[in-house]
Amino acid sequence: MLWLGFIRVSEWNVDDVEYLDLLSIVDPIEEKQRIQKYKFRIDSKRSLAGHLIIRQKIKSEYGGNFKLCRTKENKPFCKFKQPIEGVCDFNISHAGDVVIVALLKSSLSSPKVVGVDIEHLILRGNTSLGEFLNDMLPSFDPEEQKCILQPYRDAHPKALVTQLTLTASDEVVQNVKIRFFIHWTLKESFIKAIGKGVYFPLEQAVFKFDSNEENILNCRPQLYVENKHMLNWEFKSCLLDNEHIISVAVGPANDENVSESLINCLCGSIAESPNSH
Ligand SMILES: CC(C)(COP(=O)(O)OP(=O)(O)OC[C@H]1O[C@@H](n2cnc3c(N)ncnc32)[C@H](O)[C@@H]1OP(=O)(O)O)[C@@H](O)C(=O)NCCC(=O)NCCS
């Protein structure tokens with residue numbers, strides 16, 4: 001079972017007293033200190049929101065006897081103080097105004113991991129999409145680049161990417177931007193599911209779509225890692241609103257790409273569960 005929850009931070013009004021009250025719920029102390037360390041209150045609020053939502057959800061599913069911990073590569077996971085049925089993995093992402101949380105319950109016979117990523121479609125500062133893509137696209141696979149730029153190529157077969165904002169219509173620009181962030185969030189959701197974060201070379205994960213479908217949000221993305229088709233993985237992307245895009249990845253915990261420390265942490269709960277004896 002996959003559960004997704006989100007909150008719009010701008011609609012979450014907490015004054016300083018409430019904020020400190022809520023912060024006092026956060027456990028362990030390292031998490032509290034991490035949340036307090038953010039320079040800007042908005043970042044700390046996003047991180048606190050993610051933490052509180054996942055705590056509440058885990059509590060409602062399994063009761064309050066657990067502790068939130070981190071793997072060696074920093075992926076948060078849940079350490080239960082008593083055996084649970086099956087396996088529980090979760091993931092958090094925050095961007096723009098939104099914090100999103102995914103919780104996945106899977107069986108012992110087929111344990112799974114989950115990753116979620118949200119991105120804000122508004123580019124920082126005065127960066128144009130053309131400049132942004134010139135910086136970002138070289139690290140994408142040539143087929144991914146082609147797929148991302150498809151609407152632009154259709155409209156302007158001979159133009160350069162740097163001219164994107166000068167010559168393309170708003171609709172084409174928006175389309176290209178969405179395609180870019182679909183690829184980006186898919187890659188991020190995968191590296192977050194396997195728990196490796198920045199330790200996984202992103203260029204190794206290549207996403208392909210059915211080229212006949214105009215709206216790639218309707219397609220089932222296919223992942224290739226170093227040319228190997230990852231058939232056991234499932235991905236879904238969607239627009240939450242006009243400014244936020246999310247992708248979710250679900251795959252087998254015993255996949256060779258999953259971080260060893262994540263497997264060990266999840267296996268802690270597998271080994272302790274009643275059915276494993
Ligand atoms: C973990 C990582 C993926 C964070 O990505 P991000 O987009 O900056 O941030 P998000 O808001 O999506 O996720 C942050 C949350 O991920 C979780 N997280 C941290 N490390 C993680 C890991 N190794 N695996 C899975 N989840 C992790 C945490 O819950 C964190 O929030 P918290 O610290 O408030 O609890 C990090 O490895 C990273 O910075 N990657 C950037 C790599 C890059 O260049 N991507 C370009 C894509 S083309």
# chains A, B, ... in the order shown; residues from 1 in each chain; ligands from 1
>>> residues_near_ligand(ligand="ligand 1", cutoff="6 Å", atoms="only C-alpha atoms and all ligand atoms", output="number ranges by chain")
A: 47, 73-76, 91-95, 117-118, 184, 188, 192-193, 195-198
>>> residues_around(residues="A:Asp89", least_positions_apart="6", cutoff="9 Å", atoms="only C-alpha atoms", output="JSON, numbers by chain")
{"A": [76, 77, 78, 102, 103, 104, 105, 106, 112, 113, 114, 115, 193, 266]}
>>> residues_around(residues="stretch 135-144 of chain A", least_positions_apart="4", cutoff="7 Å", atoms="only C-alpha atoms", output="ChimeraX atom specification")
/A:131,148,203,206-208
>>> select_by_dssp(residues="stretch 17-80 of chain A", states="strand (DSSP E)", output="VMD selection string")
chain A and resid 66 to 70 76 to 80
>>> closest_residue(among="A:His51, A:Thr71, A:Ser44, A:Phe190", to="A:Asn264", atoms="only C-alpha atoms")
A:Thr71
>>> residues_around(residues="A:Asn175", least_positions_apart="3", cutoff="10 Å", atoms="only C-alpha atoms", output="PDB file with N, CA and C atoms, in the first residue's frame")
ATOM      1  N   ILE A 148      13.069  15.685 -23.925  1.00  0.00           N
ATOM      2  CA  ILE A 148      12.751  16.933 -23.223  1.00  0.00           C
ATOM      3  C   ILE A 148      12.505  18.069 -24.223  1.00  0.00           C
ATOM      4  N   LEU A 149      13.339  18.128 -25.262  1.00  0.00           N
ATOM      5  CA  LEU A 149      13.258  19.244 -26.215  1.00  0.00           C
ATOM      6  C   LEU A 149      12.267  19.004 -27.353  1.00  0.00           C
ATOM      7  N   GLN A 150      11.593  17.861 -27.334  1.00  0.00           N
ATOM      8  CA  GLN A 150      10.705  17.502 -28.453  1.00  0.00           C
ATOM      9  C   GLN A 150       9.711  18.617 -28.862  1.00  0.00           C
ATOM     10  N   PRO A 151       8.971  19.223 -27.900  1.00  0.00           N
ATOM     11  CA  PRO A 151       7.998  20.262 -28.317  1.00  0.00           C
ATOM     12  C   PRO A 151       8.679  21.437 -29.015  1.00  0.00           C
ATOM     13  N   TYR A 152       9.893  21.763 -28.552  1.00  0.00           N
ATOM     14  CA  TYR A 152      10.636  22.877 -29.155  1.00  0.00           C
ATOM     15  C   TYR A 152      11.121  22.522 -30.552  1.00  0.00           C
ATOM     16  N   SER A 169       6.816  29.889 -28.051  1.00  0.00           N
ATOM     17  CA  SER A 169       5.602  30.391 -27.411  1.00  0.00           C
ATOM     18  C   SER A 169       5.605  29.952 -25.952  1.00  0.00           C
ATOM     19  N   ASP A 170       4.783  30.613 -25.126  1.00  0.00           N
ATOM     20  CA  ASP A 170       4.710  30.253 -23.705  1.00  0.00           C
ATOM     21  C   ASP A 170       4.353  28.786 -23.540  1.00  0.00           C
ATOM     22  N   GLU A 171       3.471  28.324 -24.424  1.00  0.00           N
ATOM     23  CA  GLU A 171       3.016  26.934 -24.309  1.00  0.00           C
ATOM     24  C   GLU A 171       4.165  25.951 -24.539  1.00  0.00           C
ATOM     25  N   VAL A 172       4.994  26.261 -25.573  1.00  0.00           N
ATOM     26  CA  VAL A 172       6.140  25.385 -25.868  1.00  0.00           C
ATOM     27  C   VAL A 172       7.135  25.414 -24.706  1.00  0.00           C
ATOM     28  N   ILE A 178       8.173  21.346 -18.225  1.00  0.00           N
ATOM     29  CA  ILE A 178       7.527  20.210 -17.547  1.00  0.00           C
ATOM     30  C   ILE A 178       8.244  18.907 -17.886  1.00  0.00           C
ATOM     31  N   ARG A 179       8.582  18.735 -19.171  1.00  0.00           N
ATOM     32  CA  ARG A 179       9.296  17.510 -19.576  1.00  0.00           C
ATOM     33  C   ARG A 179      10.642  17.397 -18.861  1.00  0.00           C
ATOM     34  N   PHE A 180      11.341  18.544 -18.736  1.00  0.00           N
ATOM     35  CA  PHE A 180      12.621  18.515 -18.031  1.00  0.00           C
ATOM     36  C   PHE A 180      12.414  18.068 -16.583  1.00  0.00           C
ATOM     37  N   ASN A 215       1.724  13.681 -24.470  1.00  0.00           N
ATOM     38  CA  ASN A 215       1.815  14.066 -23.067  1.00  0.00           C
ATOM     39  C   ASN A 215       2.492  12.930 -22.293  1.00  0.00           C
TER      40      ASN A 215
END
>>> residues_around(residues="A:Gly64", least_positions_apart="6", cutoff="10 Å", atoms="only C-alpha atoms", output="list in words")
Arg55, Gln56, Ile58, Phe80 and Lys81 of chain A
>>> select_by_dssp(residues="stretch 37-255 of chain A", states="helix (DSSP H, G or I)", output="PyMOL selection string")
chain A and resi 37+41-62+129-139+142-155+161-167+170-193+197-199+202-204+216-218
>>> residues_around(residues="stretch 237-239 of chain A", least_positions_apart="6", cutoff="10 Å", atoms="only C-alpha atoms", output="VMD selection string")
chain A and resid 116 to 119 121 178 181 to 183 185 to 186 189 216 to 221 245 to 249
>>> residues_around(residues="A:Gln204", least_positions_apart="2", cutoff="12 Å", atoms="only C-alpha atoms", output="list in words")
Ser139, Phe140, Asp141, Lys187, Phe190, Ile191, Tyr199, Phe200, Pro201, Leu202, Val206, Phe207, Leu223, Tyr224, Val225, Glu226, Asn227, Lys228, His229 and Asn257 of chain A
>>> closest_residue(among="A:Leu52, A:Asp43, A:Glu260, A:Leu108", to="A:Asp21", atoms="only C-alpha atoms")
A:Leu52
